[in-house]
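As provided, target15.cif (mmCIF, C-alpha atoms) reads as follows.
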```cif
data_target
#
loop_
_atom_site.label_atom_id
_atom_site.label_comp_id
_atom_site.auth_asym_id
_atom_site.auth_seq_id
_atom_site.Cartn_x
_atom_site.Cartn_y
_atom_site.Cartn_z
CA SER A 166 0.00 0.00 0.00
CA VAL A 167 0.96 3.62 -0.44
CA PHE A 168 0.26 5.90 2.52
CA PHE A 169 -0.09 9.65 2.12
CA ASP A 170 -0.36 12.22 4.89
CA ASP A 171 -4.16 12.17 4.95
CA GLY A 172 -5.13 8.80 3.56
CA GLU A 173 -4.17 5.52 1.96
CA VAL A 174 -3.97 4.46 -1.66
CA LYS A 175 -4.32 0.71 -1.92
CA PHE A 176 -2.71 -0.92 -4.94
CA ASN A 177 -2.47 -4.54 -3.93
CA LYS A 178 -4.33 -7.17 -1.97
CA LYS A 179 -2.41 -6.45 1.22
CA LYS A 180 -4.27 -4.08 3.52
CA GLY A 181 -2.03 -1.23 4.63
CA ARG A 182 -0.96 -1.07 8.25
CA GLY A 183 -0.17 1.70 10.67
CA PHE A 184 -2.51 4.49 9.65
CA MET A 185 -4.86 6.92 11.42
CA ASN A 186 -4.47 5.61 14.98
CA SER A 187 -1.96 5.68 17.84
CA GLN A 188 -0.88 2.06 17.99
CA ILE A 189 2.69 0.90 17.62
CA TYR A 190 3.18 -1.09 14.42
CA ASP A 191 5.87 -3.69 13.96
CA TYR A 192 7.80 -4.55 10.79
CA ASP A 193 10.69 -6.82 9.95
CA VAL A 194 12.51 -4.02 8.11
CA ILE A 195 12.00 -0.25 8.21
CA VAL A 196 13.79 1.81 5.55
CA VAL A 197 14.07 5.55 6.05
CA GLY A 198 14.40 7.29 2.70
CA ALA A 199 13.17 6.10 -0.70
CA GLY A 200 16.09 7.25 -2.81
CA THR A 201 18.04 4.71 -4.83
CA ALA A 202 19.65 2.98 -1.85
CA GLY A 203 16.40 2.98 0.11
CA TRP A 204 13.91 1.58 -2.37
CA VAL A 205 16.33 -1.05 -3.72
CA SER A 206 17.17 -2.38 -0.24
CA ALA A 207 13.49 -2.34 0.74
CA LEU A 208 12.41 -4.21 -2.39
CA SER A 209 15.18 -6.76 -1.89
CA ALA A 210 14.09 -7.41 1.70
CA ALA A 211 10.43 -7.71 0.70
CA ARG A 212 11.28 -10.21 -2.01
CA MET A 213 12.99 -12.29 0.68
CA GLY A 214 9.64 -12.51 2.48
CA LYS A 215 10.15 -9.72 5.00
CA LYS A 216 7.41 -7.28 6.00
CA VAL A 217 8.79 -3.90 4.98
CA LEU A 218 7.93 -0.26 5.59
CA VAL A 219 9.52 2.55 3.57
CA ILE A 220 9.30 6.10 4.96
CA GLU A 221 9.77 8.96 2.51
CA ARG A 222 9.42 12.66 3.35
CA ARG A 223 8.61 13.67 -0.22
CA GLY A 224 5.92 12.62 -2.65
CA SER A 225 8.26 10.97 -5.13
CA LEU A 226 10.48 7.91 -5.14
CA GLY A 227 13.92 7.19 -6.51
CA GLY A 228 15.83 10.27 -5.34
CA VAL A 229 18.37 11.33 -7.96
CA LEU A 230 16.88 8.79 -10.39
CA GLY A 231 14.02 11.23 -10.91
CA SER A 232 16.25 14.26 -11.50
CA GLY A 233 16.78 13.71 -15.22
CA LEU A 234 20.45 12.81 -14.90
CA PRO A 235 21.57 9.63 -16.69
CA ILE A 236 22.45 6.46 -14.81
CA HIS A 237 26.07 5.43 -15.01
CA GLY A 238 28.18 2.95 -13.10
CA PHE A 239 26.75 -0.23 -14.63
CA PHE A 240 29.95 -0.66 -16.63
CA ASP A 241 33.55 0.14 -15.73
CA SER A 242 36.02 2.00 -17.97
CA ASN A 243 36.78 -1.28 -19.76
CA GLN A 244 33.06 -1.60 -20.61
CA ILE A 245 32.66 -4.65 -18.36
CA GLN A 246 29.31 -4.79 -16.58
CA VAL A 247 29.78 -4.60 -12.81
CA VAL A 248 26.22 -3.83 -11.65
CA LYS A 249 23.23 -6.13 -12.19
CA GLY A 250 20.35 -7.23 -9.97
CA ILE A 251 17.45 -4.88 -9.22
CA ALA A 252 19.24 -1.92 -10.81
CA GLU A 253 19.51 -3.73 -14.14
CA GLU A 254 15.91 -4.97 -13.83
CA PHE A 255 14.73 -1.38 -13.32
CA VAL A 256 16.41 -0.14 -16.51
CA GLU A 257 15.07 -3.10 -18.52
CA ILE A 258 11.52 -2.34 -17.37
CA LEU A 259 11.88 1.28 -18.43
CA LYS A 260 13.35 0.19 -21.76
CA LYS A 261 10.36 -2.08 -22.48
CA LYS A 262 8.02 0.82 -21.69
CA GLY A 263 9.89 3.12 -24.06
CA GLU A 264 11.03 5.23 -21.09
CA SER A 265 14.75 4.49 -21.50
CA LEU A 266 17.17 4.22 -24.36
CA GLY A 267 18.87 1.31 -22.61
CA TYR A 268 22.62 1.02 -22.15
CA HIS A 269 25.01 2.81 -24.47
CA MET A 270 28.73 2.13 -24.38
CA THR A 271 30.93 5.21 -24.53
CA ASP A 272 34.56 6.19 -24.17
CA LEU A 273 33.73 8.18 -21.04
CA TRP A 274 35.39 7.17 -17.80
CA PHE A 275 32.34 5.24 -16.57
CA GLY A 276 32.04 3.08 -19.69
CA GLY A 277 28.28 3.08 -20.23
CA ILE A 278 25.20 5.16 -19.50
CA ALA A 279 21.45 4.60 -19.42
CA CYS A 280 19.30 7.65 -20.13
CA ILE A 281 15.79 7.48 -18.68
CA ASN A 282 12.59 9.51 -18.57
CA PRO A 283 12.52 10.94 -15.01
CA ALA A 284 8.72 11.13 -15.01
CA ALA A 285 8.55 7.32 -15.23
CA VAL A 286 10.67 6.66 -12.14
CA THR A 287 8.09 6.92 -9.34
CA PRO A 288 5.28 4.94 -11.04
CA THR A 289 7.73 2.21 -12.05
CA ILE A 290 9.02 1.83 -8.49
CA ILE A 291 5.46 1.74 -7.14
CA SER A 292 4.58 -1.04 -9.61
CA LEU A 293 7.50 -3.11 -8.29
CA PHE A 294 6.37 -2.67 -4.69
CA ALA A 295 2.82 -3.67 -5.64
CA GLU A 296 4.11 -7.22 -6.11
CA VAL A 297 5.47 -7.64 -2.56
CA ASP A 298 4.48 -7.23 1.09
CA ALA A 299 5.74 -3.68 1.50
CA SER A 300 4.19 -0.36 2.47
CA LEU A 301 5.27 3.09 1.32
CA LEU A 302 4.64 5.91 3.79
CA MET A 303 5.05 9.19 1.92
CA TYR A 304 5.03 12.86 2.98
CA ALA A 305 6.25 11.65 6.37
CA GLN A 306 9.29 12.75 8.39
CA VAL A 307 11.16 10.79 11.05
CA VAL A 308 11.33 13.05 14.12
CA ASP A 309 12.65 10.67 16.76
CA ILE A 310 13.84 7.13 17.36
CA LEU A 311 13.33 4.36 19.87
CA ILE A 312 16.62 3.13 21.28
CA LYS A 313 17.48 0.61 24.01
CA GLU A 314 20.85 -0.76 25.02
CA ASP A 315 22.55 1.02 22.12
CA ARG A 316 20.17 -0.51 19.58
CA VAL A 317 17.65 1.42 17.48
CA TYR A 318 14.44 -0.57 17.30
CA GLY A 319 11.88 1.96 16.10
CA VAL A 320 11.11 5.39 14.68
CA VAL A 321 8.60 8.12 15.43
CA VAL A 322 7.10 9.62 12.29
CA GLN A 323 5.41 13.00 11.94
CA GLU A 324 2.62 13.21 9.42
CA LYS A 325 0.34 16.18 8.79
CA PHE A 326 -1.93 15.73 11.80
CA GLN A 327 -0.33 13.08 13.96
CA LYS A 328 2.74 11.18 15.04
CA LEU A 329 2.95 7.44 14.56
CA THR A 330 5.40 4.93 15.99
CA TYR A 331 6.83 2.02 14.06
CA THR A 332 9.16 -0.68 15.34
CA GLY A 333 11.34 -3.01 13.34
CA ALA A 334 13.86 -5.80 13.73
CA VAL A 335 16.09 -3.93 11.27
CA ILE A 336 16.23 -0.17 10.69
CA ILE A 337 17.99 1.01 7.51
CA ASP A 338 19.00 4.66 7.32
CA ALA A 339 18.92 5.63 3.65
CA SER A 340 17.87 9.22 4.34
CA GLY A 341 21.01 10.76 2.87
CA ASP A 342 21.31 12.86 6.03
CA ALA A 343 22.23 10.07 8.46
CA ILE A 344 19.11 11.08 10.38
CA ILE A 345 18.91 7.89 12.45
CA SER A 346 22.58 8.09 13.43
CA ASN A 347 22.18 11.73 14.41
CA PHE A 348 19.16 11.00 16.60
CA ALA A 349 21.20 8.19 18.17
CA LYS A 350 24.04 10.69 18.71
CA LYS A 351 26.50 8.49 16.84
CA LYS A 352 29.45 9.77 14.88
CA THR A 353 28.99 10.09 11.13
CA LEU A 354 31.51 10.60 8.36
CA THR A 355 31.75 14.20 7.21
CA SER A 356 33.74 16.00 4.55
CA ASP A 357 34.38 19.55 3.43
CA LEU A 358 34.22 18.33 -0.17
CA ILE A 359 30.52 18.60 -0.95
CA GLN A 360 29.17 18.82 -4.48
CA PRO A 361 26.09 21.04 -4.75
CA PRO A 362 23.05 19.52 -6.46
CA SER A 363 22.84 19.89 -10.21
CA LEU A 364 20.22 22.24 -11.63
CA VAL A 365 18.32 20.24 -14.24
CA ILE A 366 16.40 21.89 -17.07
CA ARG A 367 14.50 19.66 -19.49
CA LEU A 368 13.88 20.72 -23.09
CA GLN A 369 11.47 18.86 -25.36
CA ASN A 370 11.09 18.75 -29.16
CA VAL A 371 14.85 19.06 -29.66
CA ASP A 372 16.16 17.98 -33.05
CA ILE A 373 18.80 15.51 -31.86
CA LYS A 374 20.33 15.12 -35.32
CA LYS A 375 20.91 18.87 -35.64
CA LEU A 376 22.34 18.96 -32.11
CA LYS A 377 24.80 16.16 -32.89
CA ASP A 378 25.70 17.80 -36.21
CA HIS A 379 26.52 20.98 -34.28
CA ILE A 380 28.69 19.04 -31.82
CA LYS A 381 30.52 17.38 -34.72
CA ALA A 382 31.14 20.81 -36.28
CA THR A 383 32.51 22.25 -33.01
CA PRO A 384 34.23 19.35 -31.18
CA GLY A 385 36.52 21.73 -29.33
CA ALA A 386 33.54 23.13 -27.44
CA TYR A 387 33.14 19.89 -25.52
CA VAL A 388 35.56 18.51 -22.97
CA ASP A 389 37.47 15.28 -23.40
CA TRP A 390 39.09 15.20 -19.97
CA ARG A 391 36.42 12.79 -18.73
CA MET A 392 37.20 10.29 -21.46
CA ASN A 393 39.45 7.26 -21.39
CA PRO A 394 43.14 7.95 -22.17
CA GLY A 395 43.75 8.52 -25.86
CA LYS A 396 40.06 9.02 -26.67
CA LYS A 397 38.68 12.22 -28.16
CA VAL A 398 35.33 13.80 -28.93
CA ASP A 399 35.15 12.54 -32.51
CA ASN A 400 32.26 11.64 -34.82
CA ASP A 401 32.22 8.01 -33.70
CA PHE A 402 31.96 9.04 -30.05
CA ILE A 403 29.23 11.59 -30.80
CA ASP A 404 27.13 9.03 -32.69
CA LYS A 405 27.27 6.55 -29.81
CA THR A 406 26.69 8.73 -26.76
CA GLU A 407 23.92 10.94 -25.35
CA PHE A 408 26.09 12.64 -22.74
CA PHE A 409 28.33 15.69 -23.29
CA PHE A 410 30.13 18.33 -21.20
CA LEU A 411 30.33 21.88 -22.53
CA HIS A 412 33.85 23.30 -22.16
CA PRO A 413 34.22 25.51 -19.02
CA GLU A 414 36.03 28.23 -20.97
CA LEU A 415 32.98 28.72 -23.16
CA ILE A 416 30.72 28.94 -20.13
CA GLU A 417 32.83 31.80 -18.79
CA LYS A 418 32.24 33.70 -22.04
CA ILE A 419 28.46 33.49 -21.79
CA PRO A 420 27.23 37.03 -21.05
CA TYR A 421 25.30 37.52 -17.86
CA THR A 422 23.31 40.59 -16.89
CA GLY A 423 22.26 41.93 -13.53
CA GLU A 424 23.94 41.50 -10.18
CA TYR A 425 23.74 37.71 -10.06
CA SER A 426 27.14 36.09 -10.35
CA PRO A 427 26.65 32.43 -11.35
CA PHE A 428 28.85 29.74 -9.85
CA ILE A 429 28.10 27.22 -12.60
CA ASN A 430 31.31 25.86 -14.09
CA ARG A 431 30.00 23.21 -16.42
CA PHE A 432 26.98 22.26 -18.50
CA MET A 433 26.02 18.66 -19.18
CA PHE A 434 23.82 17.68 -22.10
CA THR A 435 21.87 14.45 -21.66
CA MET A 436 19.49 13.08 -24.28
CA THR A 437 16.51 11.26 -22.76
CA PRO A 438 13.31 9.72 -24.15
CA ASP A 439 10.37 12.13 -24.51
#
```

Final structure tokens representation of the file:
Amino acid sequence: SVFFDDGEVKFNKKKGRGFMNSQIYDYDVIVVGAGTAGWVSALSAARMGKKVLVIERRGSLGGVLGSGLPIHGFFDSNQIQVVKGIAEEFVEILKKKGESLGYHMTDLWFGGIACINPAAVTPTIISLFAEVDASLLMYAQVVDILIKEDRVYGVVVQEKFQKLTYTGAVIIDASGDAIISNFAKKKTLTSDLIQPPSLVIRLQNVDIKKLKDHIKATPGAYVDWRMNPGKKVDNDFIDKTEFFFLHPELIEKIPYTGEYSPFINRFMFTMTPD
């Protein structure tokens, strides 16, 4: 079932649990955060027969998967596939629906990419959860934890009008903010090297052939420092890939007006299904 802040949307035969009352509800596995790490681990546990609850503070699933950025990491720089399982299954489902171009091998440092339609991410993930004993609690924020003898065994969740308590044999923190660890006052890894989120703008009705012809006519406008050694932005590369970086020096020459001083230092072009 899918839970929202003021009701329940039922999409399978399993009646949803833990809604609109003050009881404590018990699960085998509770996953906090429905980004890539969260929903994949939750689906895996549910397929192993575990009763699973996924808590997501937004109204969408998949995290960065729904941003419009391409998926890479399936293949290494030698174009050998290193990621399979649920991740590969997800891309294949999108491909069959016409929502992904599938894998494309490139001479970029990550070997291969899969471009997807970001609008198809959430409904596809929901369809996968409809097949298992799992519940998705959306528009809900974890505000506290239950801890005993240095073990977290539950979470307190704030919805629009109430707080609910859920306990679980296993609690997985996939929030991206280490929220469970912070509530437990445990040390977390930190770094001063933080990449700000990418600003994604989607354009439709683009003539891809004309775009690639332009790239072929101006190869020096696109960087090759993210390509494998000895590889260049040539016609063969352009025909095979849907992922390009505009050269930083050209970005600096783009005229800006007003007082806003942009900090953008690169543009990425990704071609996705309509």

Next item on the list: Pull out every residue that the PyMOL selection byres ((chain A and resi 333) around 9) matches in the shown coordinates and put them as JSON, numbers by chain.
Entry: {"A": [190, 191, 192, 193, 194, 195, 217, 218, 317, 318, 319, 320, 331, 332, 334, 335, 336]}

Next item on the list: Given the file shown, determine the residues that the PyMOL selection byres ((chain A and resi 255-261) around 9) selects; report them as a PyMOL selection string.
Entry: chain A and resi 250-254+262-268+279+281-282+285-286+289-290+293

Next item on the list: Decode the PyMOL selection byres ((chain A and resi 229) around 10) for the given file into explicit residues and return them as a PyMOL selection string.
Entry: chain A and resi 200-201+226-228+230-236+283+286+362-363

Next item on the list: Work out how far apart CA of Asp401 in chain A and CA of Ala382 in chain A are and give it in Å to one decimal.
Entry: 13.1 Å

Check: In Å, with one decimal, what is the gap from CA of Glu314 in chain A to CA of Lys350 in chain A?
Finding: 13.5 Å

Notebook entry, point to check: Out of A:Val297, A:Asp309, A:Gly277, A:Lys377, which residue has the shortest atom-to-atom distance to Ser209 in chain A when counting all atoms listed in the file?
Noted result: A:Val297

Next item on the list: With a distance cut-off of 8 Å and all atoms listed in the file, select the neighbouring residues of Ala299 in chain A, excluding the residue or stretch itself and same-chain residues fewer than 2 positions from it, and output the selection as a PyMOL selection string.
Entry: chain A and resi 166+207-208+211+216-219+294-295+297+301

Item checked: Who sits within 12 Å of range 240-247 of chain A, only C-alpha atoms, same chain under 4 positions skipped, as a VMD selection string -> chain A and resid 236 252 to 253 268 to 279 391 to 394 396

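The closest residue to Ser340 in chain A, picked from A:Gly214, A:Gly203, A:Pro288, A:Gly198 and counting only C-alpha atoms, is A:Gly198.
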
Exercise on range 338-351 of chain A, axis-aligned box with 8 Å per side, report centre and edge lengths in Å to one decimal, as lines of an AutoDock Vina configuration file:
```
center_x = 22.2
center_y = 8.8
center_z = 10.8
size_x = 24.6
size_y = 24.2
size_z = 31.8
```

Check: So how many Å separate CA of Leu311 in chain A and CA of Phe326 in chain A, to one decimal?
Finding: 20.7 Å

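Between Ile344 in chain A and the residues A:Ala199, A:Leu329, A:Val321, A:Val307, the shortest atom-to-atom distance, using only C-alpha atoms, involves A:Val307.
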
Margin query: Under the rule that all atoms listed in the file are counted, which of A:Met303, A:Lys325, A:Val197, A:Asp372 is the nearest residue to Ser346 in chain A?
Written below: A:Val197
